[in-house]
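*Asks:* Sharing query-v4.cif here; it has mmCIF, C-alpha atoms.
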data_run
#
loop_
_atom_site.label_atom_id
_atom_site.label_comp_id
_atom_site.auth_asym_id
_atom_site.auth_seq_id
_atom_site.Cartn_x
_atom_site.Cartn_y
_atom_site.Cartn_z
CA MET X 15 0.00 0.00 0.00
CA LEU X 16 2.88 2.36 0.78
CA ALA X 17 4.30 1.81 -2.70
CA VAL X 18 0.96 2.69 -4.29
CA LEU X 19 0.68 5.82 -2.15
CA SER X 20 4.22 6.81 -3.15
CA VAL X 21 3.27 6.55 -6.82
CA GLU X 22 0.16 8.67 -6.24
CA ILE X 23 2.24 11.35 -4.52
CA ARG X 24 4.60 11.52 -7.51
CA LYS X 25 1.62 11.76 -9.87
CA LEU X 26 0.18 14.65 -7.88
CA ASN X 27 3.52 16.44 -7.91
CA ARG X 28 3.48 16.35 -11.71
CA SER X 29 -0.12 17.55 -11.95
CA LEU X 30 -1.94 20.82 -11.24
CA ALA X 31 -3.04 19.54 -7.82
CA ALA X 32 -0.26 21.45 -6.06
CA LEU X 33 -1.33 24.67 -7.77
CA LEU X 34 -4.95 24.07 -6.78
CA ALA X 35 -3.96 23.28 -3.19
CA VAL X 36 -2.26 26.67 -2.89
CA ALA X 37 -4.55 28.77 -5.09
CA ALA X 38 -7.84 28.09 -3.29
CA PRO X 39 -6.66 29.10 0.24
CA SER X 40 -4.74 32.02 -1.28
CA LEU X 41 -7.92 33.49 -2.76
CA ILE X 42 -9.51 33.53 0.69
CA ALA X 43 -6.40 35.15 2.16
CA ILE X 44 -6.35 37.81 -0.56
CA PHE X 45 -10.01 38.60 0.07
CA THR X 46 -9.35 38.86 3.82
CA PHE X 47 -6.32 41.10 3.26
CA PHE X 48 -8.12 43.68 1.15
CA ASN X 49 -11.31 43.47 3.18
CA LEU X 50 -9.38 44.31 6.35
CA LEU X 51 -7.61 47.22 4.66
CA ARG X 52 -11.01 48.67 3.79
CA GLY X 53 -11.99 48.77 7.46
CA LYS X 54 -12.18 51.85 9.63
CA THR X 55 -12.15 50.32 13.10
CA PRO X 56 -10.51 47.18 14.58
CA MET X 57 -12.56 43.99 14.42
CA PRO X 58 -12.25 40.92 16.69
CA TRP X 59 -9.96 38.05 15.67
CA GLU X 60 -13.03 35.83 15.69
CA MET X 61 -14.61 37.84 12.90
CA TRP X 62 -11.66 37.37 10.53
CA MET X 63 -10.85 33.75 11.33
CA VAL X 64 -14.45 32.51 11.35
CA SER X 65 -15.06 34.45 8.16
CA GLY X 66 -12.18 32.60 6.49
CA ILE X 67 -13.48 29.24 7.69
CA GLY X 68 -16.97 30.19 6.54
CA ILE X 69 -15.90 31.11 3.00
CA TRP X 70 -13.90 27.90 2.78
CA SER X 71 -16.67 25.59 4.00
CA TYR X 72 -19.49 27.44 2.23
CA PHE X 73 -18.12 27.77 -1.29
CA MET X 74 -14.41 27.20 -1.83
CA LEU X 75 -14.31 23.70 -0.29
CA PRO X 76 -17.08 22.21 -2.48
CA MET X 77 -15.63 23.75 -5.65
CA SER X 78 -12.10 22.66 -4.72
CA VAL X 79 -13.25 19.10 -4.07
CA THR X 80 -15.02 19.07 -7.45
CA ALA X 81 -11.88 20.26 -9.25
CA LEU X 82 -9.50 18.05 -7.28
CA THR X 83 -11.42 14.80 -7.74
CA ALA X 84 -11.87 15.49 -11.46
CA LEU X 85 -8.15 16.20 -11.75
CA VAL X 86 -7.11 13.05 -9.86
CA ALA X 87 -9.43 10.89 -11.97
CA HIS X 88 -8.35 12.50 -15.25
CA MET X 89 -4.73 11.55 -14.55
CA GLU X 90 -5.80 7.98 -15.37
CA HIS X 91 -8.78 8.60 -17.66
CA GLY X 92 -6.85 10.98 -19.93
CA PRO X 93 -4.02 8.64 -21.00
CA LYS X 94 -6.39 5.63 -20.64
CA SER X 95 -4.06 3.95 -18.17
CA TRP X 96 -6.68 2.08 -16.14
CA ASP X 97 -6.21 -1.13 -18.12
CA HIS X 98 -2.51 -1.09 -17.30
CA LEU X 99 -3.05 -0.26 -13.64
CA ARG X 100 -5.73 -2.88 -13.14
CA SER X 101 -3.50 -5.56 -14.70
CA LEU X 102 -0.75 -5.02 -12.11
CA PRO X 103 -0.15 -7.89 -9.63
CA LEU X 104 -1.80 -6.21 -6.65
CA PRO X 105 -5.35 -5.97 -5.30
CA ARG X 106 -7.35 -3.46 -7.34
CA TRP X 107 -8.90 -1.89 -4.28
CA ARG X 108 -5.49 -0.50 -3.31
CA LEU X 109 -5.41 1.64 -6.46
CA TYR X 110 -8.65 3.36 -5.55
CA ALA X 111 -7.95 3.48 -1.82
CA ALA X 112 -4.65 5.25 -2.51
CA LYS X 113 -6.42 7.90 -4.58
CA ALA X 114 -8.99 8.40 -1.82
CA VAL X 115 -6.23 8.84 0.77
CA MET X 116 -4.42 11.35 -1.45
CA VAL X 117 -7.56 13.40 -2.09
CA LEU X 118 -8.37 13.54 1.63
CA ALA X 119 -4.75 14.48 2.40
CA VAL X 120 -4.83 17.35 -0.09
CA VAL X 121 -8.18 18.59 1.27
CA ALA X 122 -6.76 18.45 4.80
CA PHE X 123 -3.72 20.43 3.67
CA MET X 124 -5.92 23.04 1.99
CA SER X 125 -8.03 23.34 5.14
CA ALA X 126 -4.95 23.96 7.29
CA ALA X 127 -3.53 26.34 4.68
CA THR X 128 -6.74 28.36 4.74
CA LEU X 129 -6.34 28.96 8.47
CA MET X 130 -2.66 29.83 8.22
CA MET X 131 -3.05 32.08 5.18
CA THR X 132 -6.01 33.89 6.73
CA TRP X 133 -3.93 34.59 9.83
CA GLY X 134 -1.03 35.68 7.62
CA ALA X 135 -3.28 38.00 5.60
CA VAL X 136 -4.53 39.69 8.78
CA MET X 137 -0.99 40.10 10.11
CA LEU X 138 0.23 41.57 6.81
CA ALA X 139 -2.71 43.97 6.56
CA THR X 140 -2.27 45.17 10.14
CA ALA X 141 1.44 45.71 9.49
CA ILE X 142 0.33 48.23 6.88
CA LYS X 143 -2.44 49.69 9.05
CA PRO X 144 -1.55 49.04 12.72
CA ASN X 145 -4.68 50.85 13.90
CA LEU X 146 -6.75 47.97 12.51
CA THR X 147 -5.03 45.30 14.63
CA PRO X 148 -7.77 42.81 15.64
CA SER X 149 -9.10 42.99 19.17
CA GLY X 150 -9.59 40.08 21.52
CA THR X 151 -7.62 36.83 21.79
CA LEU X 152 -6.48 34.71 18.86
CA ASP X 153 -7.83 31.30 19.97
CA ILE X 154 -6.02 29.25 17.35
CA ALA X 155 -6.95 25.97 19.07
CA LEU X 156 -10.66 26.77 18.74
CA TYR X 157 -10.34 27.73 15.08
CA ALA X 158 -8.24 24.65 14.31
CA SER X 159 -10.85 22.47 16.02
CA THR X 160 -13.64 24.06 13.98
CA MET X 161 -11.71 23.61 10.75
CA GLY X 162 -11.04 20.00 11.70
CA LYS X 163 -14.77 19.43 12.08
CA VAL X 164 -15.36 21.09 8.71
CA PHE X 165 -12.91 18.64 7.13
CA LEU X 166 -14.50 15.60 8.79
CA ALA X 167 -18.00 16.73 7.82
CA ALA X 168 -16.83 17.05 4.21
CA ILE X 169 -15.78 13.39 3.86
CA LEU X 170 -19.20 12.33 2.55
CA MET X 171 -19.07 15.02 -0.14
CA VAL X 172 -15.52 13.98 -1.06
CA ALA X 173 -16.56 10.32 -1.26
CA ILE X 174 -19.47 11.06 -3.59
CA GLN X 175 -17.41 13.31 -5.86
CA LEU X 176 -14.48 10.89 -6.06
CA TRP X 177 -16.77 7.92 -6.70
CA ILE X 178 -18.38 9.63 -9.66
CA ALA X 179 -15.10 11.05 -11.00
CA LEU X 180 -13.40 7.64 -10.97
CA ARG X 181 -16.45 5.77 -12.23
CA PHE X 182 -16.87 7.72 -15.47
CA SER X 183 -14.08 8.51 -17.92
CA SER X 184 -15.79 11.79 -18.85
CA PHE X 185 -15.27 14.62 -16.37
CA VAL X 186 -18.74 16.00 -17.13
CA PRO X 187 -20.76 13.88 -14.62
CA ALA X 188 -18.46 14.82 -11.73
CA LEU X 189 -18.54 18.51 -12.66
CA VAL X 190 -22.32 18.51 -12.99
CA VAL X 191 -22.75 16.90 -9.57
CA GLY X 192 -20.20 19.21 -7.94
CA ILE X 193 -21.55 22.42 -9.46
CA GLY X 194 -25.14 21.34 -8.82
CA GLY X 195 -24.39 20.44 -5.21
CA THR X 196 -22.66 23.76 -4.61
CA PHE X 197 -25.51 25.66 -6.27
CA PHE X 198 -28.23 24.10 -4.13
CA SER X 199 -26.05 24.52 -1.05
CA VAL X 200 -25.74 28.25 -1.73
CA VAL X 201 -29.39 28.96 -2.59
CA ALA X 202 -30.75 26.84 0.27
CA THR X 203 -28.33 27.86 3.01
CA SER X 204 -31.00 28.48 5.63
CA ALA X 205 -32.98 25.30 4.93
CA LYS X 206 -33.34 23.07 7.99
CA ALA X 207 -32.95 19.99 5.79
CA GLY X 208 -29.53 21.27 4.73
CA VAL X 209 -28.00 19.41 7.65
CA PHE X 210 -28.66 16.21 5.66
CA PHE X 211 -27.24 17.57 2.39
CA PRO X 212 -23.58 16.52 1.89
CA TRP X 213 -22.53 19.86 0.37
CA GLN X 214 -23.97 21.79 3.34
CA MET X 215 -22.62 19.56 6.10
CA PRO X 216 -19.26 21.39 6.40
CA VAL X 217 -20.80 24.85 6.83
CA ASN X 218 -23.08 23.50 9.56
CA MET X 219 -19.99 23.26 11.78
CA LEU X 220 -20.27 27.04 12.22
CA VAL X 221 -23.81 26.94 13.65
CA SER X 222 -22.74 27.36 17.28
CA THR X 223 -26.25 28.05 18.57
CA GLN X 224 -27.71 24.72 17.43
CA ALA X 225 -25.64 21.82 18.72
CA TRP X 226 -27.90 19.22 17.11
CA ARG X 227 -27.05 20.57 13.64
CA VAL X 228 -23.33 20.37 14.33
CA ASN X 229 -23.54 16.86 15.77
CA THR X 230 -25.86 15.56 13.06
CA ALA X 231 -23.86 17.01 10.16
CA LEU X 232 -20.57 15.87 11.69
CA GLY X 233 -21.85 12.35 12.38
CA LEU X 234 -23.32 11.91 8.92
CA GLY X 235 -20.52 13.66 7.08
CA CYS X 236 -17.75 11.70 8.76
CA GLY X 237 -19.39 8.39 9.68
CA LEU X 238 -21.49 7.91 6.57
CA GLY X 239 -18.71 9.44 4.49
CA LEU X 240 -16.23 6.74 5.51
CA ILE X 241 -18.82 4.05 4.75
CA VAL X 242 -19.55 5.53 1.32
CA LEU X 243 -15.82 5.82 0.64
CA ALA X 244 -15.34 2.14 1.47
CA LEU X 245 -18.29 1.19 -0.73
CA ALA X 246 -16.88 3.28 -3.57
CA VAL X 247 -13.50 1.55 -3.37
CA ALA X 248 -15.14 -1.89 -3.32
CA HIS X 249 -17.50 -1.03 -6.19
CA LEU X 250 -14.80 0.50 -8.41
CA ALA X 251 -12.47 -2.44 -7.82
CA ARG X 252 -15.09 -4.81 -9.27
CA ARG X 253 -16.26 -2.79 -12.25
CA GLU X 254 -14.80 -1.44 -15.45
CA VAL X 255 -14.61 2.30 -16.13
CA LEU X 256 -17.12 3.75 -18.62
#
How does the structure come out when it is put into structure tokens?
*Replies:*
Amino acid sequence: MLAVLSVEIRKLNRSLAALLAVAAPSLIAIFTFFNLLRGKTPMPWEMWMVSGIGIWSYFMLPMSVTALTALVAHMEHGPKSWDHLRSLPLPRWRLYAAKAVMVLAVVAFMSAATLMMTWGAVMLATAIKPNLTPSGTLDIALYASTMGKVFLAAILMVAIQLWIALRFSSFVPALVVGIGGTFFSVVATSAKAGVFFPWQMPVNMLVSTQAWRVNTALGLGCGLGLIVLALAVAHLARREVL
């Protein structure tokens, strides 16, 4: 399994995944930087950090997962290398499990990078305008914990997107599902049923006044997500790619 993971890492290094992993968090940091410079009075640390987490979980995370899973799948679909890979003397499920691990690792990195870049953007902006230095305490442990929950709640969404991207050689089905899921998540943000919608589960981690929403979305997103991911690996290992 380690050998397969090593190969996947080398493939990612030669792809646009590294650019995507840096670009998405950077966009949030750039927005935070200029938004802070526009301010007139200091705002609490919580406002800037939670805002960064919110933008990530609400919009940038779903779109990044859509792009990342399509990219990872296209690395094999494009050159039509599945026949070669599936003929190798190793269990097929390892091929798909390795891709799942790599996708989750990249999403975890992007989540952490969003926190760090948001903090860096605030520090850089306040170096230019010291009078806008955020008030209150920077509770990095709390923000890291919240971002960790966002990542765990996103596993179901990742599993669905990766399953579709690997199942079909065309990138269109995965893009349609990803864009559609993000669209309905945005237009139905306040819907109570959103807690059961995979694309809205991550943003529910920010609903501090309703613990049941956080617990439900986290339980379904992580628990059911791992089950769906395992089912996807088992299903893909037994079927041919269309």
*Asks:* One number please: CA of Val136 in chain X to CA of Met124 in chain X, in Å, one decimal.
*Replies:*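 Distance reported for this atom pair: 18.0 Å.
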*Asks:* Can you tell me which residues surround Ala84 in chain X at a distance of at most 9 Å, considering all atoms listed in the file, apart from same-chain residues fewer than 6 positions away, and format the answer as an mmCIF file with C-alpha atoms, in the coordinates of the input?
*Replies:*
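part35.cif was written with the following content:
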data_model
loop_
_atom_site.group_PDB
_atom_site.id
_atom_site.type_symbol
_atom_site.label_atom_id
_atom_site.label_comp_id
_atom_site.auth_asym_id
_atom_site.auth_seq_id
_atom_site.Cartn_x
_atom_site.Cartn_y
_atom_site.Cartn_z
ATOM 1 C CA GLN X 175 -17.410 13.310 -5.860
ATOM 2 C CA LEU X 176 -14.480 10.890 -6.060
ATOM 3 C CA ILE X 178 -18.380 9.630 -9.660
ATOM 4 C CA ALA X 179 -15.100 11.050 -11.000
ATOM 5 C CA LEU X 180 -13.400 7.640 -10.970
ATOM 6 C CA PHE X 185 -15.270 14.620 -16.370
ATOM 7 C CA VAL X 186 -18.740 16.000 -17.130
ATOM 8 C CA ALA X 188 -18.460 14.820 -11.730
ATOM 9 C CA LEU X 189 -18.540 18.510 -12.660
#
*Asks:* If you take all atoms listed in the file and a cut-off of 10 Å, which residues of range 82-187 of chain X touch range 30-42 of chain X, and what are their nearest atom pairs and distances in Å to one decimal, in chain and number order, as a Markdown table?
*Replies:*
| residue | atom | partner | partner_atom | distance |
| --- | --- | --- | --- | --- |
| X:Leu82 | CA | X:Ala31 | CA | 6.7 |
| X:Thr83 | CA | X:Ala31 | CA | 9.6 |
| X:Leu85 | CA | X:Ala31 | CA | 7.3 |
| X:Val86 | CA | X:Ala31 | CA | 7.9 |
| X:Val117 | CA | X:Ala31 | CA | 9.5 |
| X:Val120 | CA | X:Ala35 | CA | 6.7 |
| X:Val121 | CA | X:Ala35 | CA | 7.7 |
| X:Ala122 | CA | X:Ala35 | CA | 9.7 |
| X:Phe123 | CA | X:Ala35 | CA | 7.4 |
| X:Met124 | CA | X:Ala35 | CA | 5.5 |
| X:Ser125 | CA | X:Pro39 | CA | 7.7 |
| X:Ala126 | CA | X:Pro39 | CA | 8.9 |
| X:Ala127 | CA | X:Pro39 | CA | 6.1 |
| X:Thr128 | CA | X:Pro39 | CA | 4.6 |
| X:Leu129 | CA | X:Pro39 | CA | 8.2 |
| X:Met130 | CA | X:Pro39 | CA | 9.0 |
| X:Met131 | CA | X:Ser40 | CA | 6.7 |
| X:Thr132 | CA | X:Ile42 | CA | 7.0 |
| X:Ala135 | CA | X:Ile42 | CA | 9.1 |
*Asks:* For this file, the PyMOL selection byres ((chain X and resi 233-247) around 9) selects which residues, as number ranges by chain?
*Replies:* X: 106-111, 114, 163, 165-174, 176-178, 209-210, 212, 215-216, 228-232, 248-252
*Asks:* Take the residues from that selection and put them in a file with C-alpha atoms, as a PDB file, keeping the file's coordinate frame.
*Replies:*
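Contents of out12.pdb, as written:
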ATOM      1  CA  ARG X 106      -7.350  -3.460  -7.340  1.00  0.00           C
ATOM      2  CA  TRP X 107      -8.900  -1.890  -4.280  1.00  0.00           C
ATOM      3  CA  ARG X 108      -5.490  -0.500  -3.310  1.00  0.00           C
ATOM      4  CA  LEU X 109      -5.410   1.640  -6.460  1.00  0.00           C
ATOM      5  CA  TYR X 110      -8.650   3.360  -5.550  1.00  0.00           C
ATOM      6  CA  ALA X 111      -7.950   3.480  -1.820  1.00  0.00           C
ATOM      7  CA  ALA X 114      -8.990   8.400  -1.820  1.00  0.00           C
ATOM      8  CA  LYS X 163     -14.770  19.430  12.080  1.00  0.00           C
ATOM      9  CA  PHE X 165     -12.910  18.640   7.130  1.00  0.00           C
ATOM     10  CA  LEU X 166     -14.500  15.600   8.790  1.00  0.00           C
ATOM     11  CA  ALA X 167     -18.000  16.730   7.820  1.00  0.00           C
ATOM     12  CA  ALA X 168     -16.830  17.050   4.210  1.00  0.00           C
ATOM     13  CA  ILE X 169     -15.780  13.390   3.860  1.00  0.00           C
ATOM     14  CA  LEU X 170     -19.200  12.330   2.550  1.00  0.00           C
ATOM     15  CA  MET X 171     -19.070  15.020  -0.140  1.00  0.00           C
ATOM     16  CA  VAL X 172     -15.520  13.980  -1.060  1.00  0.00           C
ATOM     17  CA  ALA X 173     -16.560  10.320  -1.260  1.00  0.00           C
ATOM     18  CA  ILE X 174     -19.470  11.060  -3.590  1.00  0.00           C
ATOM     19  CA  LEU X 176     -14.480  10.890  -6.060  1.00  0.00           C
ATOM     20  CA  TRP X 177     -16.770   7.920  -6.700  1.00  0.00           C
ATOM     21  CA  ILE X 178     -18.380   9.630  -9.660  1.00  0.00           C
ATOM     22  CA  VAL X 209     -28.000  19.410   7.650  1.00  0.00           C
ATOM     23  CA  PHE X 210     -28.660  16.210   5.660  1.00  0.00           C
ATOM     24  CA  PRO X 212     -23.580  16.520   1.890  1.00  0.00           C
ATOM     25  CA  MET X 215     -22.620  19.560   6.100  1.00  0.00           C
ATOM     26  CA  PRO X 216     -19.260  21.390   6.400  1.00  0.00           C
ATOM     27  CA  VAL X 228     -23.330  20.370  14.330  1.00  0.00           C
ATOM     28  CA  ASN X 229     -23.540  16.860  15.770  1.00  0.00           C
ATOM     29  CA  THR X 230     -25.860  15.560  13.060  1.00  0.00           C
ATOM     30  CA  ALA X 231     -23.860  17.010  10.160  1.00  0.00           C
ATOM     31  CA  LEU X 232     -20.570  15.870  11.690  1.00  0.00           C
ATOM     32  CA  ALA X 248     -15.140  -1.890  -3.320  1.00  0.00           C
ATOM     33  CA  HIS X 249     -17.500  -1.030  -6.190  1.00  0.00           C
ATOM     34  CA  LEU X 250     -14.800   0.500  -8.410  1.00  0.00           C
ATOM     35  CA  ALA X 251     -12.470  -2.440  -7.820  1.00  0.00           C
ATOM     36  CA  ARG X 252     -15.090  -4.810  -9.270  1.00  0.00           C
TER      37      ARG X 252
END
*Asks:* Under the PyMOL selection byres ((chain X and resi 63) around 10), which residues of this model are included? Write them out as a ChimeraX atom specification.
*Replies:* /X:46,58-62,64-68,128-130,132-133,136,152-154,157-158
*Asks:* Output as an mmCIF file, keeping the file's coordinate frame: range 121-145 of chain X, completed with N, CA and C atoms.
*Replies:*
data_model
loop_
_atom_site.group_PDB
_atom_site.id
_atom_site.type_symbol
_atom_site.label_atom_id
_atom_site.label_comp_id
_atom_site.auth_asym_id
_atom_site.auth_seq_id
_atom_site.Cartn_x
_atom_site.Cartn_y
_atom_site.Cartn_z
ATOM 1 N N VAL X 121 -7.108 17.776 0.685
ATOM 2 C CA VAL X 121 -8.180 18.590 1.270
ATOM 3 C C VAL X 121 -7.804 19.018 2.685
ATOM 4 N N ALA X 122 -7.204 18.104 3.446
ATOM 5 C CA ALA X 122 -6.760 18.450 4.800
ATOM 6 C C ALA X 122 -5.697 19.533 4.758
ATOM 7 N N PHE X 123 -4.761 19.408 3.814
ATOM 8 C CA PHE X 123 -3.720 20.430 3.670
ATOM 9 C C PHE X 123 -4.334 21.782 3.317
ATOM 10 N N MET X 124 -5.280 21.798 2.395
ATOM 11 C CA MET X 124 -5.920 23.040 1.990
ATOM 12 C C MET X 124 -6.686 23.672 3.146
ATOM 13 N N SER X 125 -7.301 22.835 3.975
ATOM 14 C CA SER X 125 -8.030 23.340 5.140
ATOM 15 C C SER X 125 -7.075 24.034 6.111
ATOM 16 N N ALA X 126 -5.948 23.365 6.393
ATOM 17 C CA ALA X 126 -4.950 23.960 7.290
ATOM 18 C C ALA X 126 -4.348 25.221 6.679
ATOM 19 N N ALA X 127 -4.107 25.175 5.364
ATOM 20 C CA ALA X 127 -3.530 26.340 4.680
ATOM 21 C C ALA X 127 -4.470 27.531 4.721
ATOM 22 N N THR X 128 -5.768 27.274 4.659
ATOM 23 C CA THR X 128 -6.740 28.360 4.740
ATOM 24 C C THR X 128 -6.629 29.094 6.070
ATOM 25 N N LEU X 129 -6.507 28.338 7.157
ATOM 26 C CA LEU X 129 -6.340 28.960 8.470
ATOM 27 C C LEU X 129 -5.059 29.774 8.545
ATOM 28 N N MET X 130 -3.954 29.167 8.115
ATOM 29 C CA MET X 130 -2.660 29.830 8.220
ATOM 30 C C MET X 130 -2.588 31.066 7.318
ATOM 31 N N MET X 131 -3.111 30.947 6.103
ATOM 32 C CA MET X 131 -3.050 32.080 5.180
ATOM 33 C C MET X 131 -3.985 33.212 5.612
ATOM 34 N N THR X 132 -5.114 32.854 6.210
ATOM 35 C CA THR X 132 -6.010 33.890 6.730
ATOM 36 C C THR X 132 -5.334 34.666 7.842
ATOM 37 N N TRP X 133 -4.696 33.936 8.756
ATOM 38 C CA TRP X 133 -3.930 34.590 9.830
ATOM 39 C C TRP X 133 -2.825 35.456 9.234
ATOM 40 N N GLY X 134 -2.107 34.920 8.245
ATOM 41 C CA GLY X 134 -1.030 35.680 7.620
ATOM 42 C C GLY X 134 -1.537 36.930 6.921
ATOM 43 N N ALA X 135 -2.705 36.839 6.283
ATOM 44 C CA ALA X 135 -3.280 38.000 5.600
ATOM 45 C C ALA X 135 -3.634 39.093 6.595
ATOM 46 N N VAL X 136 -4.179 38.703 7.741
ATOM 47 C CA VAL X 136 -4.530 39.690 8.780
ATOM 48 C C VAL X 136 -3.269 40.343 9.322
ATOM 49 N N MET X 137 -2.239 39.548 9.579
ATOM 50 C CA MET X 137 -0.990 40.100 10.110
ATOM 51 C C MET X 137 -0.342 41.059 9.110
ATOM 52 N N LEU X 138 -0.365 40.700 7.827
ATOM 53 C CA LEU X 138 0.230 41.570 6.810
ATOM 54 C C LEU X 138 -0.552 42.874 6.677
ATOM 55 N N ALA X 139 -1.875 42.765 6.690
ATOM 56 C CA ALA X 139 -2.710 43.970 6.560
ATOM 57 C C ALA X 139 -2.525 44.897 7.751
ATOM 58 N N THR X 140 -2.430 44.326 8.946
ATOM 59 C CA THR X 140 -2.270 45.170 10.140
ATOM 60 C C THR X 140 -0.855 45.744 10.251
ATOM 61 N N ALA X 141 0.101 45.123 9.542
ATOM 62 C CA ALA X 141 1.440 45.710 9.490
ATOM 63 C C ALA X 141 1.411 46.993 8.663
ATOM 64 N N ILE X 142 0.496 47.032 7.699
ATOM 65 C CA ILE X 142 0.330 48.230 6.880
ATOM 66 C C ILE X 142 -0.499 49.278 7.605
ATOM 67 N N LYS X 143 -1.562 48.795 8.291
ATOM 68 C CA LYS X 143 -2.440 49.690 9.050
ATOM 69 C C LYS X 143 -2.530 49.189 10.493
ATOM 70 N N PRO X 144 -1.571 49.536 11.339
ATOM 71 C CA PRO X 144 -1.550 49.040 12.720
ATOM 72 C C PRO X 144 -2.797 49.385 13.517
ATOM 73 N N ASN X 145 -3.470 50.454 13.156
ATOM 74 C CA ASN X 145 -4.680 50.850 13.900
ATOM 75 C C ASN X 145 -5.832 49.886 13.706
#
